[in-house]
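Peer 1: Have a look at this one before I ask anything.
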Amino acid sequence: MRSLQDDFLNYQAKTTPHPLGIVVKKAKGSYITSESGKKYLDFIAGVSACSLGHCHPKVVSAIRKQSKKYLHVMVYGEFAQEPAVNLSKELIDLLPENHQSIYLTNSGTEAIEGALKLAKRVTGRSELIGALNSYHGSTHGALSLLGSEHQKVGYRPFLPDTRFIQFNSLADLEKITTKTAAVLLETIQGGAGFILPENDYFKKVKERCDAVGALLILDEIQPGFGRTGRFFGFEHFNVKPDIIVMGKGMGGGLPVGAFTASHDLMKMLEDKPKLGHITTFGGNPLIAASCLATLRVIRDSELMQEIPEKEALFRFELNHPKIKSIRGKGLMLAPILENAELANQVVLKCIDRGLLLFWLLWEKKAIRISPPLTISKKEIKKGCAIIRSVLDEI
């Protein structure tokens, strides 16, 4: 008799030749339980997506309540649906004053596509600038601005008029010119190893963009929704971007994305032509209800205030000679090991011992630590003890 794992490998398209293949039975809080009954402490959180852990009661309650009212009723932007309207209003209240309008999408990468289109429409320009070692998603527009040539092999041609700058390089800002429609940057570079901006980098990028009439788009898909101790990561860095893209952690475990801008900018998608950006399921009421519950818990609880203390605890507990540094901010951390092989062994051996870790895309010496914001100090200590014991043995 074939197992669920066999059917998974046979019928579902895979992203790598060797998926982890854990057969999930249930997930609750900071733990995932496999079909065999083995419990895994989750330091991944669906790759920064499950901000409130698994099946948070307020999120589940919101989903159940909305499911009894209505599900999909119309394509995005035509009907007023309470969950999406309330989500939009309460989210805009958390953003800078130059953001008054939100476009809800199905994923972060779709939001990237919408943001790039908006920038080109507003400026009338075609040139788009991204950063080396960046990651914004896998659709063609997002891939065009992805800063790793290795990942692009076999998928050309991409969008024309794309250029790249080195993240944190002030000298490269001269490449932003009057031909540039937008500069797209991650607030914290994820795949590159959780690289933080330095020396007022974003402030200087924005000044350069303003000087030449280009727009600054910040990708908040990973740092957004409390992960760094602020609701959005850019709040740490003295900048007000023109367009903000979000996703992952805003959904409470359901698929979602969004991009925001001013009324004046966003109106450009409404006419000449109409339907400048359109989606069938964006703003889905069930997902919007989940997002709204997630937003309210993060905004109204003590979770964000606890993030610096939890980050400090991780850094203290992961003091080990084989960990050369720990990059990142808040609960978006990347211990850097001596080499890629050691990092690979640590991830796999920790999984065997019931701790879920993962890799980063481009920085192969790194281990991803992005647990639920709700993780307890006891759980942090437990997981870090497993990492230390594995490092001791390798």
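Residue names in the structure tokens use chain letters A, B, ... in the order shown, residue numbers from 1 in each chain, and ligand numbers from 1 in the order shown.
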For Tyr40 of chain A, please output as a PDB file with C-alpha atoms, in the first residue's frame all residues within 6 Å (counting only C-alpha atoms; exclusion window: fewer than 3 positions along the same chain).
Peer 2:
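Output saved as result14.pdb:
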```pdb
ATOM      1  CA  TYR A  31       5.228  22.464  17.121  1.00  0.00           C
ATOM      2  CA  ILE A  32       4.536  20.330  14.063  1.00  0.00           C
ATOM      3  CA  GLY A 354      13.122  17.197  16.500  1.00  0.00           C
ATOM      4  CA  LEU A 355      14.168  20.772  15.712  1.00  0.00           C
TER       5      LEU A 355
END
```
Peer 1: Just list the residues in segment 134-383 of chain A DSSP gives helix (DSSP H, G or I) on the backbone, as a ChimeraX atom specification.
Peer 2: /A:140-144,149-152,171-175,201-212,233-236,248-250,263-269,285-300,303-317,340-352,377-383
Peer 1: Select, from A:Gly191, A:Pro197, A:Gly137, A:Gly114, the residue with the minimum atom-to-atom distance to Phe259 of chain A, counting only C-alpha atoms.
Peer 2: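 Using only C-alpha atoms, the shortest distance to Phe259 of chain A belongs to A:Gly114.
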Peer 1: So which one's closest to Gly383 of chain A, A:Leu318, A:Leu348, A:Ile336, A:Ala211? Using only C-alpha atoms, please.
Peer 2: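 Among A:Leu318, A:Leu348, A:Ile336, A:Ala211, it is A:Leu318 that comes nearest to Gly383 of chain A.
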Peer 1: Based on the backbone DSSP call, show me all residues of segment 159-288 of chain A assigned strand (DSSP E), as an mmCIF file with C-alpha atoms, in the first residue's frame.
Peer 2:
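Dumped to part.cif:
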```cif
data_model
loop_
_atom_site.group_PDB
_atom_site.id
_atom_site.type_symbol
_atom_site.label_atom_id
_atom_site.label_comp_id
_atom_site.auth_asym_id
_atom_site.auth_seq_id
_atom_site.Cartn_x
_atom_site.Cartn_y
_atom_site.Cartn_z
ATOM 1 C CA THR A 162 17.004 45.890 -15.512
ATOM 2 C CA ARG A 163 20.176 46.809 -13.639
ATOM 3 C CA PHE A 164 21.726 45.836 -10.317
ATOM 4 C CA ILE A 165 23.488 47.628 -7.501
ATOM 5 C CA THR A 180 15.082 54.758 -13.567
ATOM 6 C CA ALA A 181 11.450 53.984 -12.780
ATOM 7 C CA ALA A 182 12.120 52.315 -9.428
ATOM 8 C CA VAL A 183 14.677 50.788 -7.131
ATOM 9 C CA LEU A 184 13.491 47.563 -5.516
ATOM 10 C CA LEU A 185 15.247 46.521 -2.311
ATOM 11 C CA GLU A 186 14.594 44.104 0.540
ATOM 12 C CA LEU A 215 10.438 55.508 -6.801
ATOM 13 C CA LEU A 216 11.767 53.443 -3.899
ATOM 14 C CA ILE A 217 10.041 50.082 -3.411
ATOM 15 C CA LEU A 218 10.820 48.220 -0.205
ATOM 16 C CA ASP A 219 10.165 44.493 0.011
ATOM 17 C CA ILE A 243 5.744 51.612 -2.389
ATOM 18 C CA ILE A 244 5.766 48.870 0.255
ATOM 19 C CA VAL A 245 5.352 45.189 -0.578
ATOM 20 C CA MET A 246 4.290 42.664 2.045
ATOM 21 C CA GLY A 257 0.356 39.545 -0.353
ATOM 22 C CA ALA A 258 -0.156 43.283 -0.732
ATOM 23 C CA PHE A 259 1.442 46.480 -1.957
ATOM 24 C CA THR A 260 0.717 49.980 -0.705
ATOM 25 C CA ALA A 261 1.256 53.514 -1.945
#
```
Peer 1: Mind dumping a table of every segment 234-276 of chain A residue within 10 Å of segment 295-301 of chain A, with the nearest atom pair and its distance in Å to one decimal, using only C-alpha atoms, sorted by chain and rising number, as a tab-separated table?
Peer 2:
```
residue	atom	partner	partner_atom	distance
A:Gly249	CA	A:Leu295	CA	9.4
A:Met250	CA	A:Leu295	CA	6.8
A:Gly251	CA	A:Leu295	CA	8.7
A:Gly252	CA	A:Leu295	CA	8.7
```
Peer 1: For Gln100 of chain A, find every residue with an atom within 7 Å (counting only C-alpha atoms), except residues of its own chain fewer than 2 positions away, and show them as a ChimeraX atom specification.
Peer 2: /A:92,97-98,261-263
Peer 1: Would you export the selected residues with C-alpha atoms as a PDB file, in the first residue's frame, please?
Peer 2:
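This is the output file part-v8.pdb:
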```pdb
ATOM      1  CA  ILE A  92      -2.961  51.738   6.421  1.00  0.00           C
ATOM      2  CA  GLU A  97       1.316  59.201   5.924  1.00  0.00           C
ATOM      3  CA  ASN A  98       2.378  58.804   2.262  1.00  0.00           C
ATOM      4  CA  ALA A 261       1.256  53.514  -1.945  1.00  0.00           C
ATOM      5  CA  SER A 262      -0.382  56.937  -1.912  1.00  0.00           C
ATOM      6  CA  HIS A 263      -3.842  57.515  -3.362  1.00  0.00           C
TER       7      HIS A 263
END
```
Peer 1: Please, what distance in Å, to one decimal, runs between atom CA of Pro335 of chain A and atom CA of Ile367 of chain A?
Peer 2: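 Atom-to-atom, atom CA of Pro335 of chain A to atom CA of Ile367 of chain A, that is 5.5 Å.
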Peer 1: Figure out the distance between atom CA of Thr228 of chain A and atom CA of Leu331 of chain A, please, to one decimal in Å.
Peer 2: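 Separation of atom CA of Leu331 of chain A and atom CA of Thr228 of chain A: 6.1 Å.
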Peer 1: Quick check, in Å to one decimal: how far apart do atom CA of Pro255 of chain A and atom CA of Asn106 of chain A lie?
Peer 2: 6.0 Å
Peer 1: Could you tell me which of A:Gly77, A:Pro17, A:Gly46, A:Gly233 comes closest to Gly282 of chain A if we count only C-alpha atoms?
Peer 2: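 Smallest separation from Gly282 of chain A among the options: A:Gly77.
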Peer 1: Rank A:Ala366, A:Ala115, A:Leu94, A:Val347 by their smallest atom-to-atom distance to Leu128 of chain A, using only C-alpha atoms, and report the top residue only.
Peer 2: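 Of all the options, A:Ala115 lies closest to Leu128 of chain A.
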Peer 1: Name the closest residue to Gly193 of chain A among the candidates A:Ser107, A:Gln222, A:Thr139, A:Asn133; distances are taken between atoms, counting only C-alpha atoms.
Peer 2: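 Closest residue, counting only C-alpha atoms: A:Asn133.
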Peer 1: Of the candidates A:Glu35, A:Glu338, A:Asp264, A:Glu379, which one gets nearest to Lys310 of chain A if we count only C-alpha atoms?
Peer 2: A:Glu379
Peer 1: Considering only C-alpha atoms, tabulate each residue of segment 54-163 of chain A that lies at most 8 Å from segment 167-176 of chain A along with its nearest interatomic pair and the corresponding distance in Å to one decimal; arrange the rows by chain and ascending residue number and present them as a Markdown table.
Peer 2:
```
| residue | atom | partner | partner_atom | distance |
| --- | --- | --- | --- | --- |
| A:Ile129 | CA | A:Ile176 | CA | 7.6 |
| A:Ala131 | CA | A:Phe167 | CA | 5.6 |
| A:Leu132 | CA | A:Phe167 | CA | 6.7 |
```
Peer 1: Could the residues of segment 227-314 of chain A that have an atom at most 8 Å from segment 66-71 of chain A be listed as a Markdown table, each with its closest atom pair and the distance in Å to one decimal, counting only C-alpha atoms and ordered by chain and ascending residue number?
Peer 2:
```
| residue | atom | partner | partner_atom | distance |
| --- | --- | --- | --- | --- |
| A:Asn284 | CA | A:Leu71 | CA | 7.2 |
| A:Pro285 | CA | A:Leu71 | CA | 6.0 |
| A:Leu286 | CA | A:Gln66 | CA | 5.9 |
| A:Ala289 | CA | A:Gln66 | CA | 6.7 |
```
